[in-house]
file model.tsv (TSV, C-alpha atoms)
chain	number	residue	atom	x	y	z
T	1	MET	CA	9.97	151.68	4.61
T	2	GLN	CA	10.25	150.94	8.30
T	3	GLN	CA	9.82	147.26	8.95
T	4	THR	CA	9.47	144.89	11.86
T	5	THR	CA	9.79	141.12	11.66
T	6	VAL	CA	7.24	139.25	13.72
T	7	PRO	CA	7.42	135.45	13.72
T	8	PHE	CA	4.39	133.75	15.21
T	9	ALA	CA	3.77	130.29	16.60
T	10	ARG	CA	4.25	126.92	15.02
T	11	ILE	CA	1.03	125.32	16.07
T	12	THR	CA	-0.02	121.70	15.82
T	13	PRO	CA	-3.34	121.47	14.04
T	14	THR	CA	-5.18	118.18	14.05
T	15	GLY	CA	-4.66	114.91	12.34
T	16	TRP	CA	-2.92	111.62	12.84
T	17	PRO	CA	0.45	113.10	13.66
T	18	GLN	CA	3.69	111.78	12.35
T	19	GLY	CA	4.53	110.62	15.84
T	20	TRP	CA	6.52	113.64	16.86
T	21	ARG	CA	3.17	115.25	17.71
T	22	ASN	CA	3.47	117.56	14.75
T	23	ALA	CA	1.99	116.13	11.59
T	24	LEU	CA	1.22	119.68	10.51
T	25	PHE	CA	2.40	122.69	12.42
T	26	LEU	CA	1.37	126.21	11.65
T	27	ALA	CA	4.42	128.35	10.90
T	28	TRP	CA	4.17	132.10	10.69
T	29	CYS	CA	6.74	134.74	10.00
T	30	LEU	CA	5.17	138.16	9.67
T	31	ALA	CA	7.22	140.95	8.17
T	32	LEU	CA	5.09	143.87	9.26
T	33	CYS	CA	5.39	147.32	7.72
T	34	SER	CA	3.28	150.44	7.61
T	35	CYS	CA	0.75	150.70	4.85
T	36	GLY	CA	-2.89	151.63	4.39
T	37	GLY	CA	-2.63	154.77	6.54
T	38	GLY	CA	0.78	154.34	8.12
T	39	SER	CA	-0.49	153.91	11.66
T	40	PHE	CA	1.36	150.66	12.33
T	41	VAL	CA	4.73	152.30	12.88
T	42	GLU	CA	3.13	154.73	15.33
T	43	ALA	CA	1.42	151.88	17.16
T	44	VAL	CA	4.65	149.94	17.51
T	45	ALA	CA	6.49	153.05	18.63
T	46	ASN	CA	3.89	153.66	21.33
T	47	ALA	CA	3.86	150.03	22.47
T	48	ALA	CA	6.65	148.37	24.45
T	49	THR	CA	9.41	147.77	21.91
T	50	SER	CA	12.32	146.86	24.18
T	51	VAL	CA	12.88	145.01	27.41
T	52	ALA	CA	13.53	148.27	29.21
T	53	GLU	CA	10.22	149.75	28.05
T	54	ALA	CA	8.05	146.72	28.82
T	55	LYS	CA	6.92	147.72	32.29
T	56	PRO	CA	4.27	145.60	34.01
T	57	VAL	CA	1.39	147.39	35.68
T	58	THR	CA	1.63	145.18	38.77
T	59	ALA	CA	4.70	143.82	40.50
T	60	PRO	CA	5.00	140.31	39.08
T	61	GLY	CA	5.49	137.20	41.08
T	62	VAL	CA	2.77	135.31	39.35
T	63	GLN	CA	2.25	131.57	39.08
T	64	VAL	CA	-0.62	130.29	36.94
T	65	PRO	CA	-1.67	126.84	35.71
T	66	MET	CA	-0.21	125.98	32.30
T	67	GLN	CA	-2.26	123.54	30.26
T	68	GLN	CA	-0.32	121.25	27.90
T	69	SER	CA	-1.77	119.76	24.72
T	70	GLY	CA	0.84	117.73	22.90
T	71	VAL	CA	3.83	120.00	23.37
T	72	HIS	CA	1.84	123.23	23.17
T	73	VAL	CA	1.18	125.14	26.38
T	74	SER	CA	-1.55	127.65	27.09
T	75	VAL	CA	-2.76	129.80	29.98
T	76	GLN	CA	-5.89	131.70	30.87
T	77	VAL	CA	-5.51	135.41	30.21
T	78	THR	CA	-7.76	138.41	30.58
T	79	LEU	CA	-8.30	141.06	27.95
T	80	ASN	CA	-9.89	144.18	29.39
T	81	GLY	CA	-11.13	141.98	32.22
T	82	GLN	CA	-12.62	139.27	29.97
T	83	PRO	CA	-11.23	135.70	30.15
T	84	ALA	CA	-9.64	133.91	27.20
T	85	ARG	CA	-7.10	131.14	26.58
T	86	PHE	CA	-3.86	131.98	24.79
T	87	LEU	CA	-1.07	129.78	23.52
T	88	VAL	CA	2.20	130.84	25.22
T	89	ASP	CA	4.79	131.25	22.49
T	90	SER	CA	8.36	132.47	22.88
T	91	GLY	CA	8.66	132.22	19.09
T	92	ALA	CA	6.12	135.00	18.64
T	93	SER	CA	7.48	138.50	18.94
T	94	HIS	CA	3.96	139.95	19.28
T	95	ASN	CA	0.61	138.84	20.62
T	96	ALA	CA	-2.09	137.60	18.29
T	97	ILE	CA	-5.85	137.33	18.62
T	98	THR	CA	-8.63	135.61	16.73
T	99	GLU	CA	-11.11	137.67	14.77
T	100	SER	CA	-13.99	136.18	16.75
T	101	LEU	CA	-12.56	137.22	20.12
T	102	ALA	CA	-11.70	140.72	18.90
T	103	GLN	CA	-15.27	141.14	17.68
T	104	ARG	CA	-16.75	139.75	20.88
T	105	LEU	CA	-14.71	142.22	22.94
T	106	GLY	CA	-15.56	145.10	20.63
T	107	LEU	CA	-11.90	145.88	19.88
T	108	PRO	CA	-11.65	148.24	16.90
T	109	ARG	CA	-9.44	147.16	14.02
T	110	SER	CA	-6.55	149.32	12.93
T	111	ALA	CA	-7.14	151.70	10.06
T	112	GLY	CA	-4.01	150.47	8.35
T	113	THR	CA	-2.80	146.97	7.63
T	114	ALA	CA	0.51	145.21	7.88
T	115	THR	CA	2.08	142.85	5.38
T	116	GLY	CA	2.54	139.40	6.81
T	117	GLN	CA	5.02	137.00	5.27
T	118	GLY	CA	4.44	133.35	6.07
T	119	ALA	CA	6.66	130.48	5.16
T	120	GLY	CA	6.22	131.17	1.44
T	121	ALA	CA	3.72	133.94	0.76
T	122	GLN	CA	2.54	137.35	1.91
T	123	TYR	CA	-0.83	138.53	3.17
T	124	GLN	CA	-2.36	141.56	4.85
T	125	THR	CA	-3.27	141.69	8.53
T	126	ALA	CA	-4.78	144.32	10.80
T	127	TRP	CA	-4.25	144.63	14.55
T	128	VAL	CA	-6.06	145.74	17.68
T	129	THR	CA	-4.89	147.43	20.87
T	130	VAL	CA	-5.80	145.72	24.15
T	131	ALA	CA	-6.08	148.30	26.91
T	132	GLU	CA	-5.12	145.77	29.58
T	133	LEU	CA	-3.79	142.25	29.02
T	134	GLY	CA	-3.29	140.11	32.09
T	135	VAL	CA	-1.98	136.72	33.20
T	136	GLY	CA	-3.11	136.30	36.77
T	137	SER	CA	-2.15	139.51	38.53
T	138	ALA	CA	0.59	140.33	35.99
T	139	THR	CA	-0.93	142.90	33.67
T	140	GLN	CA	0.29	145.20	30.91
T	141	ARG	CA	-1.42	148.07	29.17
T	142	ASP	CA	-1.81	148.98	25.51
T	143	GLN	CA	-0.67	145.65	24.13
T	144	LEU	CA	-0.85	145.14	20.37
T	145	ALA	CA	-2.47	141.93	19.13
T	146	PHE	CA	-2.47	140.99	15.46
T	147	LEU	CA	-5.54	139.60	13.74
T	148	VAL	CA	-3.77	136.63	12.21
T	149	PRO	CA	-5.92	134.42	9.94
T	150	PHE	CA	-5.79	131.28	12.07
T	151	PRO	CA	-6.81	127.96	10.50
T	152	ALA	CA	-9.93	126.14	11.62
T	153	GLU	CA	-7.81	123.74	13.71
T	154	PHE	CA	-6.51	126.54	15.95
T	155	SER	CA	-8.19	125.90	19.30
T	156	TYR	CA	-7.05	128.95	21.27
T	157	ASP	CA	-8.27	132.54	21.45
T	158	GLY	CA	-4.86	133.95	20.60
T	159	ILE	CA	-1.14	133.92	21.27
T	160	LEU	CA	0.82	135.40	24.16
T	161	GLY	CA	4.11	136.50	22.62
T	162	GLY	CA	7.35	138.28	23.35
T	163	SER	CA	5.79	141.72	23.63
T	164	PHE	CA	4.21	140.50	26.89
T	165	LEU	CA	6.74	137.92	28.07
T	166	GLN	CA	9.76	140.22	27.76
T	167	ALA	CA	8.76	142.20	30.87
T	168	TYR	CA	9.43	139.19	33.09
T	169	VAL	CA	11.60	136.21	33.69
T	170	SER	CA	9.19	133.74	32.12
T	171	THR	CA	9.49	130.17	33.42
T	172	PHE	CA	7.84	127.26	31.61
T	173	ASP	CA	7.58	124.47	34.20
T	174	TYR	CA	6.37	121.64	31.98
T	175	ALA	CA	6.65	118.91	34.62
T	176	ASN	CA	4.40	120.71	37.09
T	177	GLY	CA	2.11	122.42	34.58
T	178	ARG	CA	2.71	126.01	35.56
T	179	LEU	CA	3.91	129.30	34.09
T	180	LEU	CA	5.79	131.68	36.38
T	181	LEU	CA	6.23	135.37	35.64
T	182	GLN	CA	8.75	137.12	37.89
T	183	SER	CA	10.56	140.43	37.87
T	184	PRO	CA	14.24	140.18	36.87
T	185	GLU	CA	15.17	141.59	40.28
T	186	ALA	CA	13.13	139.01	42.20
T	187	PHE	CA	14.07	135.98	40.09
T	188	SER	CA	16.37	133.44	41.72
T	189	PRO	CA	17.32	130.49	39.51
T	190	HIS	CA	17.28	126.97	40.85
T	191	PRO	CA	20.78	125.97	42.00
T	192	ASP	CA	20.71	122.96	39.68
T	193	ALA	CA	19.84	125.01	36.59
T	194	THR	CA	22.29	125.55	33.74
T	195	VAL	CA	22.56	129.14	32.54
T	196	LEU	CA	23.16	129.94	28.87
T	197	PRO	CA	23.49	133.36	27.24
T	198	PHE	CA	21.13	134.27	24.43
T	199	ALA	CA	20.71	136.94	21.81
T	200	ILE	CA	17.48	138.87	21.25
T	201	ASP	CA	16.20	139.87	17.84
T	202	LYS	CA	12.94	141.84	17.98
T	203	ARG	CA	11.83	140.02	21.16
T	204	LEU	CA	12.86	136.63	19.77
T	205	VAL	CA	15.28	134.47	21.73
T	206	TRP	CA	18.26	132.91	19.95
T	207	VAL	CA	20.54	130.44	21.74
T	208	GLN	CA	23.59	128.56	20.50
T	209	ALA	CA	23.08	124.88	19.76
T	210	THR	CA	24.89	122.13	17.89
T	211	ILE	CA	22.90	120.11	15.37
T	212	ALA	CA	24.54	116.94	14.05
T	213	GLY	CA	27.97	118.46	14.68
T	214	HIS	CA	27.18	121.92	13.28
T	215	THR	CA	26.98	124.87	15.69
T	216	GLY	CA	24.92	128.00	15.21
T	217	LEU	CA	22.11	130.17	16.56
T	218	CYS	CA	18.71	128.56	17.00
T	219	GLN	CA	15.41	130.15	17.93
T	220	VAL	CA	13.77	129.17	21.22
T	221	ASP	CA	10.20	128.52	20.13
T	222	THR	CA	7.80	127.11	22.71
T	223	GLY	CA	4.99	127.46	20.16
T	224	ALA	CA	6.52	125.00	17.70
T	225	GLY	CA	4.90	121.58	17.81
T	226	ASN	CA	8.00	119.70	16.68
T	227	ALA	CA	11.54	119.36	18.02
T	228	VAL	CA	13.79	120.87	15.36
T	229	THR	CA	13.45	122.59	12.00
T	230	VAL	CA	16.78	123.19	10.28
T	231	LEU	CA	16.38	126.27	8.08
T	232	ARG	CA	16.79	125.88	4.32
T	233	PRO	CA	20.02	127.88	3.86
T	234	ALA	CA	21.74	125.88	6.60
T	235	VAL	CA	20.45	122.60	5.16
T	236	ASP	CA	21.88	123.47	1.74
T	237	ARG	CA	25.13	124.98	3.01
T	238	LEU	CA	25.93	122.00	5.23
T	239	GLY	CA	24.72	119.32	2.84
T	240	LEU	CA	22.34	117.90	5.42
T	241	ARG	CA	19.70	116.67	2.99
T	242	GLU	CA	22.13	114.25	1.39
T	243	ALA	CA	23.65	113.26	4.72
T	244	PHE	CA	20.61	111.58	6.29
T	245	THR	CA	18.58	108.56	5.23
T	246	PRO	CA	15.88	107.53	5.47
T	247	ARG	CA	14.11	110.81	4.91
T	248	ILE	CA	10.45	111.52	4.20
T	249	ARG	CA	9.48	114.46	2.04
T	250	THR	CA	6.05	115.68	3.01
T	251	LEU	CA	3.74	118.51	3.93
T	252	THR	CA	4.96	119.62	7.35
T	253	GLY	CA	2.96	122.75	8.02
T	254	ALA	CA	0.28	125.21	7.07
T	255	SER	CA	0.68	128.93	7.58
T	256	ALA	CA	-1.24	132.07	6.91
T	257	GLY	CA	1.03	132.40	3.89
T	258	GLY	CA	0.54	128.87	2.60
T	259	GLU	CA	1.63	125.31	3.18
T	260	VAL	CA	5.13	124.31	4.27
T	261	PHE	CA	7.17	121.34	3.09
T	262	GLY	CA	10.29	119.62	4.31
T	263	ASP	CA	12.23	116.39	4.62
T	264	LEU	CA	11.79	114.54	7.91
T	265	VAL	CA	14.85	112.74	9.27
T	266	ARG	CA	16.41	111.58	12.50
T	267	LEU	CA	19.38	113.62	13.63
T	268	PRO	CA	21.86	111.55	15.63
T	269	LEU	CA	22.47	114.28	18.20
T	270	ILE	CA	21.57	117.83	19.17
T	271	GLU	CA	23.42	119.66	21.94
T	272	ILE	CA	22.21	122.63	23.97
T	273	GLY	CA	24.78	123.61	26.55
T	274	PRO	CA	25.69	120.41	28.42
T	275	TYR	CA	22.53	118.58	27.35
T	276	ARG	CA	22.67	115.96	24.60
T	277	LEU	CA	19.51	114.69	22.92
T	278	ALA	CA	19.83	111.63	20.70
T	279	GLN	CA	17.91	110.41	17.66
T	280	VAL	CA	15.85	113.56	17.33
T	281	VAL	CA	13.11	113.72	14.69
T	282	ALA	CA	13.77	116.88	12.69
T	283	GLU	CA	12.55	118.75	9.64
T	284	LEU	CA	15.00	119.85	6.95
T	285	SER	CA	13.13	122.79	5.46
T	286	LEU	CA	12.47	123.09	1.74
T	287	GLU	CA	11.28	126.70	1.94
T	288	THR	CA	13.08	129.34	-0.13
T	289	THR	CA	11.21	132.35	1.29
T	290	GLY	CA	9.91	133.36	4.69
T	291	PHE	CA	11.27	132.54	8.13
T	292	PHE	CA	12.59	129.11	7.19
T	293	ALA	CA	14.72	130.75	4.50
T	294	ARG	CA	16.66	132.94	6.92
T	295	SER	CA	20.41	132.62	6.48
T	296	ASP	CA	21.36	133.98	9.93
T	297	LEU	CA	19.95	131.06	11.92
T	298	LEU	CA	20.76	127.38	11.99
T	299	CYS	CA	17.48	126.05	13.29
T	300	ASN	CA	14.25	126.48	15.20
T	301	LEU	CA	13.95	124.52	18.46
T	302	GLY	CA	10.37	123.66	19.34
T	303	GLY	CA	8.27	122.44	22.21
T	304	ALA	CA	9.28	118.78	21.81
T	305	VAL	CA	12.72	119.89	23.02
T	306	TRP	CA	11.69	122.37	25.71
T	307	GLU	CA	9.11	120.11	27.37
T	308	ARG	CA	12.08	118.11	28.68
T	309	PHE	CA	13.14	121.02	30.89
T	310	GLU	CA	12.07	123.72	33.24
T	311	LEU	CA	12.84	126.64	30.93
T	312	SER	CA	13.35	130.19	32.21
T	313	LEU	CA	13.83	133.14	29.86
T	314	ASP	CA	15.39	136.22	31.45
T	315	TYR	CA	14.96	138.78	28.69
T	316	HIS	CA	16.44	141.60	30.78
T	317	HIS	CA	19.79	139.90	31.36
T	318	ARG	CA	19.64	137.78	28.19
T	319	ARG	CA	20.03	134.52	30.04
T	320	LEU	CA	18.30	131.20	29.57
T	321	TYR	CA	18.08	128.71	32.44
T	322	LEU	CA	17.54	125.00	31.89
T	323	ARG	CA	16.77	122.36	34.49
T	324	PRO	CA	16.01	118.91	33.06
T	325	ASN	CA	12.92	116.98	34.13
T	326	ALA	CA	12.06	113.28	33.89
T	327	GLN	CA	11.39	113.55	30.14
T	328	LEU	CA	14.96	114.54	29.25
T	329	HIS	CA	15.91	111.23	27.64
T	330	GLN	CA	12.44	110.15	26.53
T	331	ALA	CA	12.53	108.88	22.94
T	332	PHE	CA	11.43	111.21	20.14
T	333	GLU	CA	8.48	109.44	18.57
T	334	PHE	CA	7.52	109.26	14.94
T	335	SER	CA	4.19	107.90	13.76
T	336	ARG	CA	4.07	104.36	12.49
T	337	SER	CA	0.96	105.01	10.37
T	338	GLY	CA	2.74	106.36	7.28
T	339	MET	CA	0.34	109.22	6.60
T	340	VAL	CA	-0.73	112.75	7.52
T	341	LEU	CA	-4.31	113.56	8.46
T	342	THR	CA	-6.05	116.87	9.10
T	343	ALA	CA	-9.46	117.57	10.56
T	344	ASP	CA	-12.23	118.00	8.03
T	345	GLN	CA	-15.76	118.69	9.29
T	346	GLY	CA	-15.85	115.88	11.82
T	347	LEU	CA	-13.82	113.52	9.66
T	348	TRP	CA	-10.08	113.12	9.03
T	349	LEU	CA	-8.70	113.98	5.60
T	350	VAL	CA	-5.69	112.09	4.26
T	351	ARG	CA	-3.28	114.85	3.23
T	352	ASP	CA	-0.22	112.75	2.45
T	353	VAL	CA	0.80	109.09	2.23
T	354	PHE	CA	4.44	108.08	2.67
T	355	ALA	CA	6.19	105.78	0.25
T	356	GLY	CA	6.81	102.36	1.77
T	357	GLY	CA	4.48	102.99	4.70
T	358	PRO	CA	1.48	101.17	6.17
T	359	ALA	CA	-1.06	103.61	4.74
T	360	LEU	CA	0.20	103.10	1.20
T	361	ALA	CA	0.28	99.34	1.69
T	362	ALA	CA	-3.34	99.46	2.85
T	363	GLY	CA	-4.36	101.33	-0.31
T	364	LEU	CA	-4.98	104.76	1.21
T	365	VAL	CA	-4.50	107.75	-1.09
T	366	LYS	CA	-4.55	111.51	-0.73
T	367	GLY	CA	-8.11	112.79	-0.56
T	368	ASP	CA	-9.55	109.79	1.28
T	369	ARG	CA	-11.58	110.68	4.35
T	370	VAL	CA	-11.49	108.56	7.48
T	371	LEU	CA	-14.99	107.87	8.79
T	372	ALA	CA	-14.10	105.59	11.71
T	373	VAL	CA	-11.07	104.22	13.52
T	374	ASN	CA	-11.37	100.76	15.12
T	375	ALA	CA	-15.16	101.05	14.70
T	376	ILE	CA	-15.28	104.34	16.64
T	377	PRO	CA	-16.61	107.34	14.64
T	378	ALA	CA	-13.90	109.73	13.50
T	379	ALA	CA	-15.50	112.66	15.32
T	380	GLN	CA	-14.76	110.94	18.65
T	381	TRP	CA	-11.00	110.89	17.99
T	382	ASP	CA	-8.91	113.91	18.84
T	383	LYS	CA	-5.33	114.51	17.74
T	384	GLN	CA	-3.81	113.27	21.01
T	385	SER	CA	-5.65	109.94	20.94
T	386	LEU	CA	-4.84	109.41	17.27
T	387	SER	CA	-1.21	110.23	17.95
T	388	ALA	CA	-1.07	107.70	20.77
T	389	LEU	CA	-2.68	105.08	18.54
T	390	SER	CA	-0.22	105.72	15.71
T	391	ASN	CA	2.68	105.12	18.09
T	392	GLN	CA	1.57	101.71	19.27
T	393	ALA	CA	3.97	98.81	18.89
T	394	VAL	CA	5.20	97.68	15.49
T	395	GLY	CA	2.73	95.14	14.10
T	396	THR	CA	-0.33	96.70	15.76
T	397	ARG	CA	-3.34	96.46	13.45
T	398	VAL	CA	-5.66	99.44	13.07
T	399	LEU	CA	-8.98	99.18	11.21
T	400	LEU	CA	-10.12	102.25	9.29
T	401	GLN	CA	-13.35	102.93	7.47
T	402	VAL	CA	-12.65	105.43	4.70
T	403	ARG	CA	-14.51	107.18	1.93
T	404	SER	CA	-12.84	108.01	-1.37
T	405	GLU	CA	-13.21	111.29	-3.22
T	406	THR	CA	-15.72	109.54	-5.48
T	407	GLY	CA	-17.84	108.50	-2.49
T	408	VAL	CA	-16.87	104.82	-2.31
T	409	VAL	CA	-16.74	103.56	1.31
T	410	ARG	CA	-14.33	100.77	2.16
T	411	ASP	CA	-12.57	99.17	5.12
T	412	VAL	CA	-8.78	99.07	5.25
T	413	GLU	CA	-6.34	97.70	7.78
T	414	LEU	CA	-3.06	99.37	8.73
T	415	VAL	CA	-0.20	97.36	10.17
T	416	LEU	CA	2.02	99.82	12.03
T	417	LYS	CA	5.73	99.86	11.22
T	418	ASP	CA	8.72	102.09	11.89
T	419	MET	CA	9.19	104.81	9.27
T	420	LEU	CA	12.22	106.69	10.65
call {"tool": "encode", "arguments": {"input": "model.tsv", "output": "structure tokens"}}
result
Amino acid sequence: MQQTTVPFARITPTGWPQGWRNALFLAWCLALCSCGGGSFVEAVANAATSVAEAKPVTAPGVQVPMQQSGVHVSVQVTLNGQPARFLVDSGASHNAITESLAQRLGLPRSAGTATGQGAGAQYQTAWVTVAELGVGSATQRDQLAFLVPFPAEFSYDGILGGSFLQAYVSTFDYANGRLLLQSPEAFSPHPDATVLPFAIDKRLVWVQATIAGHTGLCQVDTGAGNAVTVLRPAVDRLGLREAFTPRIRTLTGASAGGEVFGDLVRLPLIEIGPYRLAQVVAELSLETTGFFARSDLLCNLGGAVWERFELSLDYHHRRLYLRPNAQLHQAFEFSRSGMVLTADQGLWLVRDVFAGGPALAAGLVKGDRVLAVNAIPAAQWDKQSLSALSNQAVGTRVLLQVRSETGVVRDVELVLKDML
């Protein structure tokens, strides 16, 4: 059976993050094959499937505002002339779209379905064809977009992936909040930028990096809400799980295929070309199936790494350009709250409590719901403000009003402390 592998974004949902702005990140890896009518293979064959075939309708030289939320970046796009906001994700080989937007635009679903494989399970997904997908004046025709079952926390209308980005030199200018799309012929790198070669696998960008002294290929994933995920086979082969303490085993993600778990640690050093990043918060994956179980990659490098640079991806020449910004040596934060929260109908649900942490000491347990934080109703706290609060100085006291699964309401006080 013909098959295409399509990893999608790692997306920060909501909650009191674990300080690296990624308490839970959505991790997809779709292994898409023809079934239910066999039209998927035809659709992919008719769509742009290589850099050479991905021809923009208009000559690109486009600069558009890029909105940053945590480490995720998004831009306004148009689908058949209608505006929407898409997450920009180099770790997605295809575009994706929400069911609600597809319905609103009247885009017909495919007759067939594709099998999607998440971090640990499979599911079925249909797709739509967008006649014209645009970012500013850069437009492409007949773009596939998959109807991925996004979680409730997903706040975008879809994902702009490699099937669109590959036609250009795509520059993520985090410091100035802009995305630039330029033709390979017109692109001129900044004289201070470092150029690195990369490999392409089905529109996905793989660059060499060194993680705690071990060198291998790592995926460039602007859609990942964390810094580094070391894939399970590499973790086991290199003995990394035993090598680092302290480590926190917890729920680290939720995908269309199910939840994702890993051990959170601090890596002493990661190296990308000449750049050295110290004391990086990383996930050592526990997954035995799906993308995080791939044996041909060392790691996945997410937005908490790339936001420290101006990042340009030249798909045509397979070159990556890096120019550091003021965030290069900013510390990698990890929450001092000792718990994971996710949004739950205007409240915050305690999904995990770390051993030895402030939340456990305060008596919080899984299943508690946070009603208020420092006397402010939970509904008025978003993930960014909670993240900032959880990274206040050691010893900071935070008052929570919580309700147990049995309905008992109580006040608890957290005293923030370092966990990693």
call {"tool": "closest_residue", "arguments": {"input": "model.tsv", "among": "T:His94, T:His72, T:Arg104, T:Arg237", "to": "Gly177 (chain T)", "atoms": "only C-alpha atoms"}}
result
T:His72
call {"tool": "closest_residue", "arguments": {"input": "model.tsv", "among": "T:Glu99, T:Gly273, T:Pro184, T:Phe292", "to": "Val230 (chain T)", "atoms": "all atoms listed in the file"}}
result
T:Phe292
call {"tool": "closest_residue", "arguments": {"input": "model.tsv", "among": "T:Pro83, T:Gly338, T:Gly367, T:Pro233", "to": "Phe354 (chain T)", "atoms": "all atoms listed in the file"}}
result
T:Gly338
call {"tool": "closest_residue", "arguments": {"input": "model.tsv", "among": "T:Arg318, T:Lys417, T:Arg294, T:Arg141", "to": "Arg232 (chain T)", "atoms": "all atoms listed in the file"}}
result
T:Arg294
call {"tool": "closest_residue", "arguments": {"input": "model.tsv", "among": "T:Leu322, T:Ala355, T:Leu386, T:Leu364", "to": "Asp192 (chain T)", "atoms": "all atoms listed in the file"}}
result
T:Leu322
call {"tool": "residues_around", "arguments": {"input": "model.tsv", "residues": "region 151-158 of chain T", "least_positions_apart": "4", "cutoff": "7 Å", "atoms": "all atoms listed in the file", "output": "list in words"}}
result
Pro13, Thr14, Ala84, Arg85, Phe86, Leu87, Ala96, Ile97, Thr98 and Leu101 of chain T
call {"tool": "residues_around", "arguments": {"input": "model.tsv", "residues": "Ser404 (chain T)", "least_positions_apart": "6", "cutoff": "12 Å", "atoms": "all atoms listed in the file", "output": "ChimeraX atom specification"}}
result
/T:348-350,363-371,410-412
call {"tool": "write_last_selection", "arguments": {"input": "model.tsv", "atoms": "C-alpha atoms", "output": "mmCIF file, keeping the file's coordinate frame"}}
result
data_model
loop_
_atom_site.group_PDB
_atom_site.id
_atom_site.type_symbol
_atom_site.label_atom_id
_atom_site.label_comp_id
_atom_site.auth_asym_id
_atom_site.auth_seq_id
_atom_site.Cartn_x
_atom_site.Cartn_y
_atom_site.Cartn_z
ATOM 1 C CA TRP T 348 -10.080 113.120 9.030
ATOM 2 C CA LEU T 349 -8.700 113.980 5.600
ATOM 3 C CA VAL T 350 -5.690 112.090 4.260
ATOM 4 C CA GLY T 363 -4.360 101.330 -0.310
ATOM 5 C CA LEU T 364 -4.980 104.760 1.210
ATOM 6 C CA VAL T 365 -4.500 107.750 -1.090
ATOM 7 C CA LYS T 366 -4.550 111.510 -0.730
ATOM 8 C CA GLY T 367 -8.110 112.790 -0.560
ATOM 9 C CA ASP T 368 -9.550 109.790 1.280
ATOM 10 C CA ARG T 369 -11.580 110.680 4.350
ATOM 11 C CA VAL T 370 -11.490 108.560 7.480
ATOM 12 C CA LEU T 371 -14.990 107.870 8.790
ATOM 13 C CA ARG T 410 -14.330 100.770 2.160
ATOM 14 C CA ASP T 411 -12.570 99.170 5.120
ATOM 15 C CA VAL T 412 -8.780 99.070 5.250
#
call {"tool": "atom_distance", "arguments": {"input": "model.tsv", "atom1": "CA of Met339 (chain T)", "atom2": "CA of Gly357 (chain T)"}}
result
7.7 Å
call {"tool": "closest_residue", "arguments": {"input": "model.tsv", "among": "T:Arg247, T:Arg276, T:His214, T:Arg336", "to": "Thr396 (chain T)", "atoms": "only C-alpha atoms"}}
result
T:Arg336
call {"tool": "residues_around", "arguments": {"input": "model.tsv", "residues": "Asp142 (chain T)", "least_positions_apart": "5", "cutoff": "7 Å", "atoms": "all atoms listed in the file", "output": "list in words"}}
result
Ala47, Thr129, Val130, Ala131 and Glu132 of chain T
call {"tool": "atom_distance", "arguments": {"input": "model.tsv", "atom1": "CA of Val71 (chain T)", "atom2": "CA of Val353 (chain T)"}}
result
24.0 Å
call {"tool": "residues_around", "arguments": {"input": "model.tsv", "residues": "Ser93 (chain T)", "least_positions_apart": "6", "cutoff": "6 Å", "atoms": "all atoms listed in the file", "output": "PDB file with C-alpha atoms, in the coordinates of the input"}}
result
ATOM      1  CA  VAL T   6       7.240 139.250  13.720  1.00  0.00           C
ATOM      2  CA  GLY T 161       4.110 136.500  22.620  1.00  0.00           C
ATOM      3  CA  GLY T 162       7.350 138.280  23.350  1.00  0.00           C
ATOM      4  CA  SER T 163       5.790 141.720  23.630  1.00  0.00           C
ATOM      5  CA  ARG T 203      11.830 140.020  21.160  1.00  0.00           C
ATOM      6  CA  LEU T 204      12.860 136.630  19.770  1.00  0.00           C
TER       7      LEU T 204
END
call {"tool": "residues_around", "arguments": {"input": "model.tsv", "residues": "region 278-288 of chain T", "least_positions_apart": "4", "cutoff": "9 Å", "atoms": "only C-alpha atoms", "output": "short mmCIF file (atom, residue, chain, number, x, y, z; two decimals) with C-alpha atoms, in the frame of the given file"}}
result
data_model
loop_
_atom_site.label_atom_id
_atom_site.label_comp_id
_atom_site.auth_asym_id
_atom_site.auth_seq_id
_atom_site.Cartn_x
_atom_site.Cartn_y
_atom_site.Cartn_z
CA TRP T 20 6.52 113.64 16.86
CA ALA T 119 6.66 130.48 5.16
CA GLY T 120 6.22 131.17 1.44
CA ASN T 226 8.00 119.70 16.68
CA ALA T 227 11.54 119.36 18.02
CA VAL T 228 13.79 120.87 15.36
CA THR T 229 13.45 122.59 12.00
CA VAL T 230 16.78 123.19 10.28
CA LEU T 231 16.38 126.27 8.08
CA ARG T 232 16.79 125.88 4.32
CA PRO T 233 20.02 127.88 3.86
CA VAL T 235 20.45 122.60 5.16
CA LEU T 240 22.34 117.90 5.42
CA ARG T 241 19.70 116.67 2.99
CA THR T 252 4.96 119.62 7.35
CA VAL T 260 5.13 124.31 4.27
CA PHE T 261 7.17 121.34 3.09
CA GLY T 262 10.29 119.62 4.31
CA ASP T 263 12.23 116.39 4.62
CA LEU T 264 11.79 114.54 7.91
CA VAL T 265 14.85 112.74 9.27
CA ARG T 266 16.41 111.58 12.50
CA LEU T 267 19.38 113.62 13.63
CA PRO T 268 21.86 111.55 15.63
CA LEU T 269 22.47 114.28 18.20
CA ILE T 270 21.57 117.83 19.17
CA GLU T 271 23.42 119.66 21.94
CA PHE T 292 12.59 129.11 7.19
CA ALA T 293 14.72 130.75 4.50
CA ARG T 294 16.66 132.94 6.92
CA HIS T 329 15.91 111.23 27.64
CA ALA T 331 12.53 108.88 22.94
CA PHE T 332 11.43 111.21 20.14
CA GLU T 333 8.48 109.44 18.57
CA PHE T 334 7.52 109.26 14.94
CA LEU T 420 12.22 106.69 10.65
#
